[in-house]
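The data block below is data02.pdb; it holds PDB, C-alpha atoms and all ligand atoms.
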```pdb
ATOM      1  CA  MET A   1      12.676  16.346  -4.023
ATOM      2  CA  PHE A   2      11.646  14.237  -1.110
ATOM      3  CA  ASP A   3      13.903  11.673   0.451
ATOM      4  CA  PHE A   4      12.602   8.109   0.241
ATOM      5  CA  PHE A   5      13.298   5.866   3.195
ATOM      6  CA  ASN A   6      14.994   8.670   5.136
ATOM      7  CA  THR A   7      15.624   7.195   8.584
ATOM      8  CA  ASP A   8      18.373   9.562   9.799
ATOM      9  CA  THR A   9      17.262  10.928  13.202
ATOM     10  CA  SER A  10      20.147  13.402  13.715
ATOM     11  CA  LYS A  11      18.590  16.337  11.890
ATOM     12  CA  THR A  12      15.066  15.206  11.167
ATOM     13  CA  ASN A  13      11.882  16.062  12.934
ATOM     14  CA  THR A  14      11.039  12.791  14.677
ATOM     15  CA  ASN A  15       7.490  13.629  15.724
ATOM     16  CA  ALA A  16       5.582  10.411  15.024
ATOM     17  CA  ILE A  17       2.523  12.163  13.571
ATOM     18  CA  ASP A  18       4.643  14.350  11.274
ATOM     19  CA  LEU A  19       6.563  11.270  10.129
ATOM     20  CA  LEU A  20       3.361   9.440   9.241
ATOM     21  CA  LYS A  21       2.112  12.446   7.284
ATOM     22  CA  ALA A  22       5.437  12.686   5.425
ATOM     23  CA  ASP A  23       5.092   8.986   4.527
ATOM     24  CA  HIS A  24       1.581   9.683   3.249
ATOM     25  CA  ASP A  25       2.881  12.512   1.038
ATOM     26  CA  ASN A  26       5.639  10.249  -0.308
ATOM     27  CA  VAL A  27       3.291   7.456  -1.367
ATOM     28  CA  LYS A  28       0.733   9.861  -2.833
ATOM     29  CA  GLU A  29       3.534  11.372  -4.934
ATOM     30  CA  LEU A  30       4.509   7.887  -6.157
ATOM     31  CA  PHE A  31       0.868   7.125  -7.038
ATOM     32  CA  ASP A  32       0.664  10.386  -9.017
ATOM     33  CA  GLN A  33       3.900   9.611 -10.863
ATOM     34  CA  PHE A  34       2.629   6.112 -11.692
ATOM     35  CA  LYS A  35      -0.575   7.563 -13.122
ATOM     36  CA  LYS A  36       1.357  10.007 -15.315
ATOM     37  CA  SER A  37       4.133   7.661 -16.467
ATOM     38  CA  GLU A  38       3.845   5.913 -19.810
ATOM     39  CA  ASN A  39       7.169   4.140 -19.563
ATOM     40  CA  ALA A  40       6.701   0.499 -18.515
ATOM     41  CA  ARG A  41      10.102   0.280 -16.821
ATOM     42  CA  ALA A  42       9.572   3.489 -14.873
ATOM     43  CA  ARG A  43       6.122   2.286 -13.803
ATOM     44  CA  LYS A  44       7.554  -0.991 -12.500
ATOM     45  CA  LYS A  45      10.191   0.926 -10.535
ATOM     46  CA  LEU A  46       7.518   3.195  -9.068
ATOM     47  CA  VAL A  47       5.459   0.163  -8.010
ATOM     48  CA  ARG A  48       8.518  -1.372  -6.311
ATOM     49  CA  GLN A  49       9.244   1.884  -4.452
ATOM     50  CA  ALA A  50       5.631   2.330  -3.401
ATOM     51  CA  LEU A  51       5.311  -1.254  -2.141
ATOM     52  CA  THR A  52       8.464  -0.963  -0.027
ATOM     53  CA  GLU A  53       7.338   2.401   1.333
ATOM     54  CA  LEU A  54       3.878   1.005   2.162
ATOM     55  CA  LYS A  55       5.294  -2.086   3.869
ATOM     56  CA  LEU A  56       7.599   0.029   6.039
ATOM     57  CA  HIS A  57       4.765   2.376   6.897
ATOM     58  CA  ALA A  58       2.313  -0.410   7.745
ATOM     59  CA  ALA A  59       4.877  -2.184   9.913
ATOM     60  CA  VAL A  60       5.698   0.849  12.078
ATOM     61  CA  GLU A  61       2.034   1.758  12.401
ATOM     62  CA  GLU A  62       0.958  -1.745  13.398
ATOM     63  CA  GLU A  63       3.913  -2.476  15.670
ATOM     64  CA  ILE A  64       4.471   0.940  17.272
ATOM     65  CA  PHE A  65       1.992   3.728  16.510
ATOM     66  CA  TYR A  66      -1.369   1.927  16.576
ATOM     67  CA  PRO A  67      -0.772   0.163  19.934
ATOM     68  CA  ALA A  68       0.328   3.497  21.482
ATOM     69  CA  VAL A  69      -2.853   5.357  20.475
ATOM     70  CA  ARG A  70      -5.468   2.555  20.192
ATOM     71  CA  ALA A  71      -7.112   2.980  23.606
ATOM     72  CA  HIS A  72      -7.546   6.743  23.205
ATOM     73  CA  VAL A  73      -8.587   6.763  19.531
ATOM     74  CA  GLY A  74     -11.142   4.012  20.141
ATOM     75  CA  LYS A  75     -11.962   0.573  18.824
ATOM     76  CA  ASP A  76     -14.143   1.583  15.851
ATOM     77  CA  LEU A  77     -11.588   3.769  14.059
ATOM     78  CA  MET A  78      -8.677   1.514  14.948
ATOM     79  CA  ASN A  79     -10.394  -1.703  13.805
ATOM     80  CA  GLU A  80     -11.321  -0.062  10.523
ATOM     81  CA  ALA A  81      -7.699   0.982  10.029
ATOM     82  CA  ASP A  82      -6.572  -2.592  10.781
ATOM     83  CA  GLU A  83      -8.929  -3.966   8.129
ATOM     84  CA  GLU A  84      -7.786  -1.396   5.567
ATOM     85  CA  HIS A  85      -4.201  -2.478   6.235
ATOM     86  CA  HIS A  86      -5.248  -6.112   5.771
ATOM     87  CA  VAL A  87      -6.762  -5.412   2.331
ATOM     88  CA  ALA A  88      -3.731  -3.323   1.305
ATOM     89  CA  LYS A  89      -1.367  -6.080   2.438
ATOM     90  CA  LEU A  90      -3.272  -8.678   0.401
ATOM     91  CA  LEU A  91      -2.965  -6.539  -2.730
ATOM     92  CA  ILE A  92       0.711  -5.853  -1.960
ATOM     93  CA  ALA A  93       1.378  -9.596  -1.583
ATOM     94  CA  GLU A  94      -0.378 -10.323  -4.893
ATOM     95  CA  LEU A  95       1.522  -7.554  -6.680
ATOM     96  CA  GLU A  96       4.827  -8.854  -5.316
ATOM     97  CA  ASP A  97       3.880 -12.381  -6.301
ATOM     98  CA  ALA A  98       3.018 -11.246  -9.865
ATOM     99  CA  GLN A  99       6.354  -9.383 -10.222
ATOM    100  CA  GLY A 100       4.991  -6.967 -12.778
ATOM    101  CA  HIS A 101       3.321  -9.642 -14.942
ATOM    102  CA  GLY A 102      -0.316 -10.284 -15.804
ATOM    103  CA  ASP A 103      -2.844  -8.030 -17.461
ATOM    104  CA  HIS A 104      -4.429  -7.132 -14.096
ATOM    105  CA  PHE A 105      -1.142  -5.892 -12.591
ATOM    106  CA  ASP A 106      -1.672  -2.179 -13.318
ATOM    107  CA  ALA A 107      -5.342  -2.373 -12.322
ATOM    108  CA  LYS A 108      -4.394  -4.041  -9.045
ATOM    109  CA  PHE A 109      -1.865  -1.319  -8.268
ATOM    110  CA  THR A 110      -4.406   1.377  -9.159
ATOM    111  CA  VAL A 111      -6.969  -0.186  -6.797
ATOM    112  CA  LEU A 112      -4.297  -0.404  -4.083
ATOM    113  CA  SER A 113      -3.499   3.296  -4.561
ATOM    114  CA  GLU A 114      -7.194   4.252  -4.352
ATOM    115  CA  ASN A 115      -7.645   2.205  -1.168
ATOM    116  CA  VAL A 116      -4.532   3.699   0.390
ATOM    117  CA  ARG A 117      -5.642   7.254  -0.488
ATOM    118  CA  HIS A 118      -8.947   6.584   1.292
ATOM    119  CA  HIS A 119      -7.087   5.133   4.303
ATOM    120  CA  ILE A 120      -4.733   8.124   4.433
ATOM    121  CA  LYS A 121      -7.678  10.531   4.382
ATOM    122  CA  GLU A 122      -9.339   8.761   7.300
ATOM    123  CA  GLU A 123      -6.103   8.713   9.279
ATOM    124  CA  GLU A 124      -5.405  12.393   8.640
ATOM    125  CA  ASP A 125      -9.003  13.569   9.157
ATOM    126  CA  GLU A 126      -9.918  11.412  12.143
ATOM    127  CA  MET A 127      -7.270   9.192  13.712
ATOM    128  CA  LEU A 128      -4.272  11.516  13.857
ATOM    129  CA  PRO A 129      -6.156  14.575  15.245
ATOM    130  CA  LYS A 130      -7.619  12.289  17.955
ATOM    131  CA  ALA A 131      -4.188  10.763  18.712
ATOM    132  CA  LYS A 132      -2.705  14.261  18.999
ATOM    133  CA  GLU A 133      -4.856  14.875  22.098
ATOM    134  CA  LEU A 134      -2.726  12.365  23.997
ATOM    135  CA  LYS A 135      -0.059  13.667  26.349
ATOM    136  CA  MET A 136       2.630  11.491  24.899
ATOM    137  CA  ASP A 137       6.251  11.928  23.818
ATOM    138  CA  PHE A 138       5.591  11.765  20.067
ATOM    139  CA  ASP A 139       9.260  12.552  19.313
ATOM    140  CA  LYS A 140      10.384   9.426  21.165
ATOM    141  CA  LEU A 141       7.680   7.385  19.486
ATOM    142  CA  GLY A 142       8.886   8.661  16.106
ATOM    143  CA  GLU A 143      12.487   7.746  16.952
ATOM    144  CA  LYS A 144      11.355   4.182  17.627
ATOM    145  CA  MET A 145       9.517   4.133  14.299
ATOM    146  CA  LEU A 146      12.591   5.354  12.384
ATOM    147  CA  ALA A 147      14.821   2.802  14.137
ATOM    148  CA  ARG A 148      12.401   0.024  13.192
ATOM    149  CA  LYS A 149      12.364   1.181   9.562
ATOM    150  CA  THR A 150      16.183   1.050   9.473
ATOM    151  CA  GLN A 151      16.089  -2.461  10.909
ATOM    152  CA  LEU A 152      13.503  -3.618   8.354
ATOM    153  CA  LEU A 153      15.504  -2.170   5.463
ATOM    154  CA  GLU A 154      18.677  -3.875   6.700
ATOM    155  CA  LYS A 155      17.271  -7.230   7.785
ATOM    156  CA  GLY A 156      14.213  -7.588   5.581
ATOM    157  CA  PHE A 157      10.512  -7.824   6.349
ATOM    158  CA  PRO A 158       9.107 -10.622   8.487
ATOM    159  CA  SER A 159       6.577 -12.692   6.576
ATOM    160  CA  VAL A 160       2.986 -11.622   7.181
ATOM    161  CA  GLY A 161      -0.271 -13.609   7.133
ATOM    162  CA  GLU A 162      -1.445 -12.031   3.882
ATOM    163  CA  GLU A 163       1.711 -13.261   2.073
ATOM    164  CA  LYS A 164       1.015 -16.784   3.329
ATOM    165  CA  MET A 165      -2.588 -16.511   2.108
ATOM    166  CA  VAL A 166      -1.440 -15.479  -1.369
ATOM    167  CA  ALA A 167       1.311 -18.137  -1.462
ATOM    168  CA  ALA A 168      -1.210 -20.839  -0.446
ATOM    169  CA  THR A 169      -3.337 -20.184  -3.527
ATOM    170  CA  HIS A 170      -0.314 -20.236  -5.861
ATOM    171  CA  SER A 171      -1.395 -16.864  -7.283
ATOM    172  CA  LYS A 172      -4.872 -18.203  -8.126
ATOM    173  CA  GLY A 173      -6.699 -16.435  -5.329
ATOM    174  CA  ASP A 174      -7.820 -13.533  -7.490
ATOM    175  CA  SER A 175     -10.930 -15.201  -8.967
ATOM    176  CA  PRO A 176     -12.149 -12.313 -11.217
ATOM    177  CA  ALA A 177      -8.696 -11.880 -12.768
ATOM    178  CA  LEU A 178      -8.368 -15.629 -13.223
ATOM    179  CA  ALA A 179     -11.840 -15.916 -14.775
ATOM    180  CA  ALA A 180     -11.010 -13.077 -17.184
ATOM    181  CA  ARG A 181      -7.829 -14.908 -18.224
ATOM    182  CA  ARG A 182      -9.711 -18.156 -18.904
ATOM    183  CA  LYS A 183     -12.592 -16.618 -20.798
ATOM    184  CA  LYS A 184     -12.194 -16.372 -24.547
ATOM    185  CA  PRO A 185     -13.580 -13.204 -26.064
ATOM    186  CA  ALA A 186     -17.198 -13.790 -27.185
ATOM    187  CA  ASN A 187     -16.396 -12.872 -30.803
ATOM    188  CA  ALA A 188     -13.605 -15.492 -30.937
ATOM    189  CA  ARG A 189     -16.223 -18.290 -30.748
ATOM    190  CA  ALA A 190     -18.853 -16.669 -32.949
ATOM    191  CA  LYS A 191     -19.313 -18.152 -36.402
ATOM    192  CA  PRO A 192     -19.206 -15.668 -39.266
ATOM    193  CA  SER A 193     -22.693 -14.444 -40.024
ATOM    194  CA  LYS A 194     -24.424 -15.234 -43.343
ATOM    195  CA  THR A 195     -24.123 -11.599 -44.330
ATOM    196  CA  ALA A 196     -20.388 -11.742 -43.692
ATOM    197  CA  LYS A 197     -20.074 -14.923 -45.800
ATOM    198  CA  ARG A 198     -21.771 -13.328 -48.792
ATOM    199  CA  LYS A 199     -19.301 -10.436 -48.835
TER     200      LYS A 199
HETATM  201 FE    FE B 201      -2.156   3.323   8.006
END
```
Could you write out this structure as C-alpha cells?
Ligand SMILES: [Fe+2]
Amino acid sequence: MFDFFNTDTSKTNTNAIDLLKADHDNVKELFDQFKKSENARARKKLVRQALTELKLHAAVEEEIFYPAVRAHVGKDLMNEADEEHHVAKLLIAELEDAQGHGDHFDAKFTVLSENVRHHIKEEEDEMLPKAKELKMDFDKLGEKMLARKTQLLEKGFPSVGEEKMVAATHSKGDSPALAARRKKPANARAKPSKTAKRK
C-alpha cells in the first residue's frame, strides 16, 4: 500500500527525480482504481484524492523542479510540459467546480487521466533522463519539494489562473458539454410515424 501525501523527510528517499516518479505511480494507481470502481461514492473519493495529488505535484514541479532543470532540458520539452500542465489544470478546475455533478464529470476525469498518463510518459522517457545529467543536489531539491507539499497541505493552494478562467465563465466554458445538455434527443421531437399510428 502506498502512502498518499507522504511528506516525512526523516526516513524517506528525498531524491527529487525518485519523488516525482513515486507521485506518478500514485496517480496512475488512482486512475486504475477509478476505472475499475463501480461504486459512485468510491469514485468521487478517488477523484478528490487524485486532484489533490495532481495539484501538489504540479505545484512543486512548476515552482521548484522545472526552474531548476529548464535550461539544461531545453525550451521545447519544458514548454510542452508547461502547456500540458495548463490543460490539466483547466480540467482540474472544472472538475472541482462541478463537485461530482454533471453527466460529463466522469468523462472529464477520464480525459484528464489520459492526458496526465501521456505527460508522465514524456517526463519519464525524455525530461527526467535529461535532467539526471545535471550535477545537482537532487536530494536537497527533493527536500524543498516535500517541504512545499507540507506547506500546501497545511495552508491550502494559492489560486491559479486556470481556476480564475473557469470561475469567470460560471462553469459554462465547456461548450461541447453545454451544447449536449441543451440539445434534446432527436427522437424526442420526432412525430410518431404513420406506421406507428396504425399499430
Ligand atoms: Fe508534470
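The closest residue to Lys45 of chain A, picked from A:Ala179, A:Gln99, A:Asn15, A:Lys164 and counting all atoms listed in the file, is A:Gln99.
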Discussion item. Hey, which residues sit close to ligand FE 201 (chain B)? Say within 9 Å, counting all atoms listed in the file, and write them as a PyMOL selection string.
Written reply: chain A and resi 20+24+54+57-58+61-62+66+81-82+84-85+116+119-120+123
Which residues, named as in the file, does the PyMOL selection byres (((chain A and resi 111) around 12) and not hetatm) pick out? Answer as a PDB file with C-alpha atoms, keeping the file's coordinate frame.
```
ATOM      1  CA  PHE A  31       0.868   7.125  -7.038  1.00  0.00           C
ATOM      2  CA  LYS A  35      -0.575   7.563 -13.122  1.00  0.00           C
ATOM      3  CA  VAL A  87      -6.762  -5.412   2.331  1.00  0.00           C
ATOM      4  CA  ALA A  88      -3.731  -3.323   1.305  1.00  0.00           C
ATOM      5  CA  LEU A  90      -3.272  -8.678   0.401  1.00  0.00           C
ATOM      6  CA  LEU A  91      -2.965  -6.539  -2.730  1.00  0.00           C
ATOM      7  CA  ILE A  92       0.711  -5.853  -1.960  1.00  0.00           C
ATOM      8  CA  LEU A  95       1.522  -7.554  -6.680  1.00  0.00           C
ATOM      9  CA  HIS A 104      -4.429  -7.132 -14.096  1.00  0.00           C
ATOM     10  CA  PHE A 105      -1.142  -5.892 -12.591  1.00  0.00           C
ATOM     11  CA  ASP A 106      -1.672  -2.179 -13.318  1.00  0.00           C
ATOM     12  CA  ALA A 107      -5.342  -2.373 -12.322  1.00  0.00           C
ATOM     13  CA  LYS A 108      -4.394  -4.041  -9.045  1.00  0.00           C
ATOM     14  CA  PHE A 109      -1.865  -1.319  -8.268  1.00  0.00           C
ATOM     15  CA  THR A 110      -4.406   1.377  -9.159  1.00  0.00           C
ATOM     16  CA  LEU A 112      -4.297  -0.404  -4.083  1.00  0.00           C
ATOM     17  CA  SER A 113      -3.499   3.296  -4.561  1.00  0.00           C
ATOM     18  CA  GLU A 114      -7.194   4.252  -4.352  1.00  0.00           C
ATOM     19  CA  ASN A 115      -7.645   2.205  -1.168  1.00  0.00           C
ATOM     20  CA  VAL A 116      -4.532   3.699   0.390  1.00  0.00           C
ATOM     21  CA  ARG A 117      -5.642   7.254  -0.488  1.00  0.00           C
ATOM     22  CA  HIS A 118      -8.947   6.584   1.292  1.00  0.00           C
TER      23      HIS A 118
END
```
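With only C-alpha atoms as the basis for measurement, A:Glu94 is the residue among A:Glu126, A:Asp76, A:Glu94, A:Asp23 that approaches Met165 of chain A most closely.
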Report task. Please provide as an NGL selection string all residues within 10 Å of Asp18 of chain A, with the sequence filter that same-chain residues fewer than 4 positions apart are discarded (counting only C-alpha atoms). Result -> :A and (13-14 or 22-24 or 128 or 138-139 or 142)
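Here atom CA of Leu141 of chain A is placed at a distance of 18.8 Å from atom CA of Glu53 of chain A.
Pairwise distance (atom CA of Leu56 of chain A, atom CA of Lys149 of chain A) equals 6.0 Å.
Our summary of the geometry notes that atom CA of Lys55 of chain A is positioned 10.1 Å from atom CA of Ala93 of chain A.
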Repaired coordinates for segment 67-78 of chain A (all heavy atoms) as a PDB file, in the frame of the given file:
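Output file selection34.pdb is given in full below:
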```pdb
ATOM      1  N   PRO A  67      -0.614   0.576  18.533  1.00  0.00           N
ATOM      2  CA  PRO A  67      -0.772   0.163  19.934  1.00  0.00           C
ATOM      3  C   PRO A  67      -0.681   1.347  20.910  1.00  0.00           C
ATOM      4  O   PRO A  67      -1.358   1.356  21.933  1.00  0.00           O
ATOM      5  CB  PRO A  67       0.393  -0.808  20.166  1.00  0.00           C
ATOM      6  CG  PRO A  67       0.793  -1.267  18.810  1.00  0.00           C
ATOM      7  CD  PRO A  67       0.493  -0.141  17.870  1.00  0.00           C
ATOM      8  N   ALA A  68       0.151   2.351  20.569  1.00  0.00           N
ATOM      9  CA  ALA A  68       0.328   3.497  21.482  1.00  0.00           C
ATOM     10  C   ALA A  68      -0.913   4.382  21.548  1.00  0.00           C
ATOM     11  O   ALA A  68      -1.165   5.023  22.567  1.00  0.00           O
ATOM     12  CB  ALA A  68       1.541   4.322  21.033  1.00  0.00           C
ATOM     13  N   VAL A  69      -1.712   4.422  20.495  1.00  0.00           N
ATOM     14  CA  VAL A  69      -2.853   5.357  20.475  1.00  0.00           C
ATOM     15  C   VAL A  69      -4.213   4.646  20.495  1.00  0.00           C
ATOM     16  O   VAL A  69      -5.251   5.290  20.612  1.00  0.00           O
ATOM     17  CB  VAL A  69      -2.785   6.313  19.254  1.00  0.00           C
ATOM     18  CG1 VAL A  69      -1.461   7.092  19.242  1.00  0.00           C
ATOM     19  CG2 VAL A  69      -2.976   5.574  17.928  1.00  0.00           C
ATOM     20  N   ARG A  70      -4.214   3.312  20.362  1.00  0.00           N
ATOM     21  CA  ARG A  70      -5.468   2.555  20.192  1.00  0.00           C
ATOM     22  C   ARG A  70      -6.517   2.862  21.259  1.00  0.00           C
ATOM     23  O   ARG A  70      -7.675   3.161  20.951  1.00  0.00           O
ATOM     24  CB  ARG A  70      -5.173   1.052  20.156  1.00  0.00           C
ATOM     25  CG  ARG A  70      -6.410   0.171  20.005  1.00  0.00           C
ATOM     26  CD  ARG A  70      -6.029  -1.300  19.828  1.00  0.00           C
ATOM     27  NE  ARG A  70      -5.485  -1.566  18.516  1.00  0.00           N
ATOM     28  CZ  ARG A  70      -6.226  -1.853  17.434  1.00  0.00           C
ATOM     29  NH1 ARG A  70      -7.537  -1.907  17.523  1.00  0.00           N
ATOM     30  NH2 ARG A  70      -5.668  -2.067  16.274  1.00  0.00           N
ATOM     31  N   ALA A  71      -6.132   2.820  22.524  1.00  0.00           N
ATOM     32  CA  ALA A  71      -7.112   2.980  23.606  1.00  0.00           C
ATOM     33  C   ALA A  71      -7.768   4.358  23.530  1.00  0.00           C
ATOM     34  O   ALA A  71      -8.985   4.489  23.713  1.00  0.00           O
ATOM     35  CB  ALA A  71      -6.435   2.775  24.956  1.00  0.00           C
ATOM     36  N   HIS A  72      -6.995   5.387  23.248  1.00  0.00           N
ATOM     37  CA  HIS A  72      -7.546   6.743  23.205  1.00  0.00           C
ATOM     38  C   HIS A  72      -8.369   6.990  21.934  1.00  0.00           C
ATOM     39  O   HIS A  72      -9.441   7.604  21.993  1.00  0.00           O
ATOM     40  CB  HIS A  72      -6.425   7.778  23.316  1.00  0.00           C
ATOM     41  CG  HIS A  72      -6.936   9.192  23.298  1.00  0.00           C
ATOM     42  ND1 HIS A  72      -7.614   9.746  24.363  1.00  0.00           N
ATOM     43  CD2 HIS A  72      -6.919  10.143  22.326  1.00  0.00           C
ATOM     44  CE1 HIS A  72      -7.982  10.987  24.055  1.00  0.00           C
ATOM     45  NE2 HIS A  72      -7.566  11.246  22.821  1.00  0.00           N
ATOM     46  N   VAL A  73      -7.886   6.520  20.809  1.00  0.00           N
ATOM     47  CA  VAL A  73      -8.587   6.763  19.531  1.00  0.00           C
ATOM     48  C   VAL A  73      -9.895   5.970  19.481  1.00  0.00           C
ATOM     49  O   VAL A  73     -10.903   6.453  18.948  1.00  0.00           O
ATOM     50  CB  VAL A  73      -7.673   6.416  18.323  1.00  0.00           C
ATOM     51  CG1 VAL A  73      -8.453   6.427  17.024  1.00  0.00           C
ATOM     52  CG2 VAL A  73      -6.507   7.405  18.237  1.00  0.00           C
ATOM     53  N   GLY A  74      -9.900   4.791  20.063  1.00  0.00           N
ATOM     54  CA  GLY A  74     -11.142   4.012  20.141  1.00  0.00           C
ATOM     55  C   GLY A  74     -11.175   2.861  19.151  1.00  0.00           C
ATOM     56  O   GLY A  74     -10.592   2.939  18.063  1.00  0.00           O
ATOM     57  N   LYS A  75     -11.913   1.834  19.564  1.00  0.00           N
ATOM     58  CA  LYS A  75     -11.962   0.573  18.824  1.00  0.00           C
ATOM     59  C   LYS A  75     -12.462   0.729  17.385  1.00  0.00           C
ATOM     60  O   LYS A  75     -11.908   0.141  16.466  1.00  0.00           O
ATOM     61  CB  LYS A  75     -12.895  -0.374  19.593  1.00  0.00           C
ATOM     62  CG  LYS A  75     -12.629  -1.829  19.374  1.00  0.00           C
ATOM     63  CD  LYS A  75     -13.482  -2.661  20.310  1.00  0.00           C
ATOM     64  CE  LYS A  75     -14.745  -3.069  19.576  1.00  0.00           C
ATOM     65  NZ  LYS A  75     -15.635  -3.931  20.316  1.00  0.00           N
ATOM     66  N   ASP A  76     -13.530   1.518  17.185  1.00  0.00           N
ATOM     67  CA  ASP A  76     -14.143   1.583  15.851  1.00  0.00           C
ATOM     68  C   ASP A  76     -13.157   2.058  14.788  1.00  0.00           C
ATOM     69  O   ASP A  76     -12.962   1.414  13.760  1.00  0.00           O
ATOM     70  CB  ASP A  76     -15.372   2.501  15.863  1.00  0.00           C
ATOM     71  CG  ASP A  76     -16.527   1.872  16.629  1.00  0.00           C
ATOM     72  OD1 ASP A  76     -16.406   0.684  17.007  1.00  0.00           O
ATOM     73  OD2 ASP A  76     -17.524   2.566  16.872  1.00  0.00           O
ATOM     74  N   LEU A  77     -12.541   3.217  15.038  1.00  0.00           N
ATOM     75  CA  LEU A  77     -11.588   3.769  14.059  1.00  0.00           C
ATOM     76  C   LEU A  77     -10.380   2.861  13.889  1.00  0.00           C
ATOM     77  O   LEU A  77      -9.894   2.654  12.766  1.00  0.00           O
ATOM     78  CB  LEU A  77     -11.092   5.143  14.533  1.00  0.00           C
ATOM     79  CG  LEU A  77     -11.858   6.387  14.103  1.00  0.00           C
ATOM     80  CD1 LEU A  77     -11.154   7.634  14.606  1.00  0.00           C
ATOM     81  CD2 LEU A  77     -11.966   6.432  12.567  1.00  0.00           C
ATOM     82  N   MET A  78      -9.892   2.336  15.019  1.00  0.00           N
ATOM     83  CA  MET A  78      -8.677   1.514  14.948  1.00  0.00           C
ATOM     84  C   MET A  78      -8.930   0.189  14.219  1.00  0.00           C
ATOM     85  O   MET A  78      -8.104  -0.252  13.419  1.00  0.00           O
ATOM     86  CB  MET A  78      -8.120   1.234  16.366  1.00  0.00           C
ATOM     87  CG  MET A  78      -7.612   2.452  17.098  1.00  0.00           C
ATOM     88  SD  MET A  78      -6.455   3.501  16.185  1.00  0.00           S
ATOM     89  CE  MET A  78      -5.132   2.378  15.785  1.00  0.00           C
TER      90      MET A  78
END
```
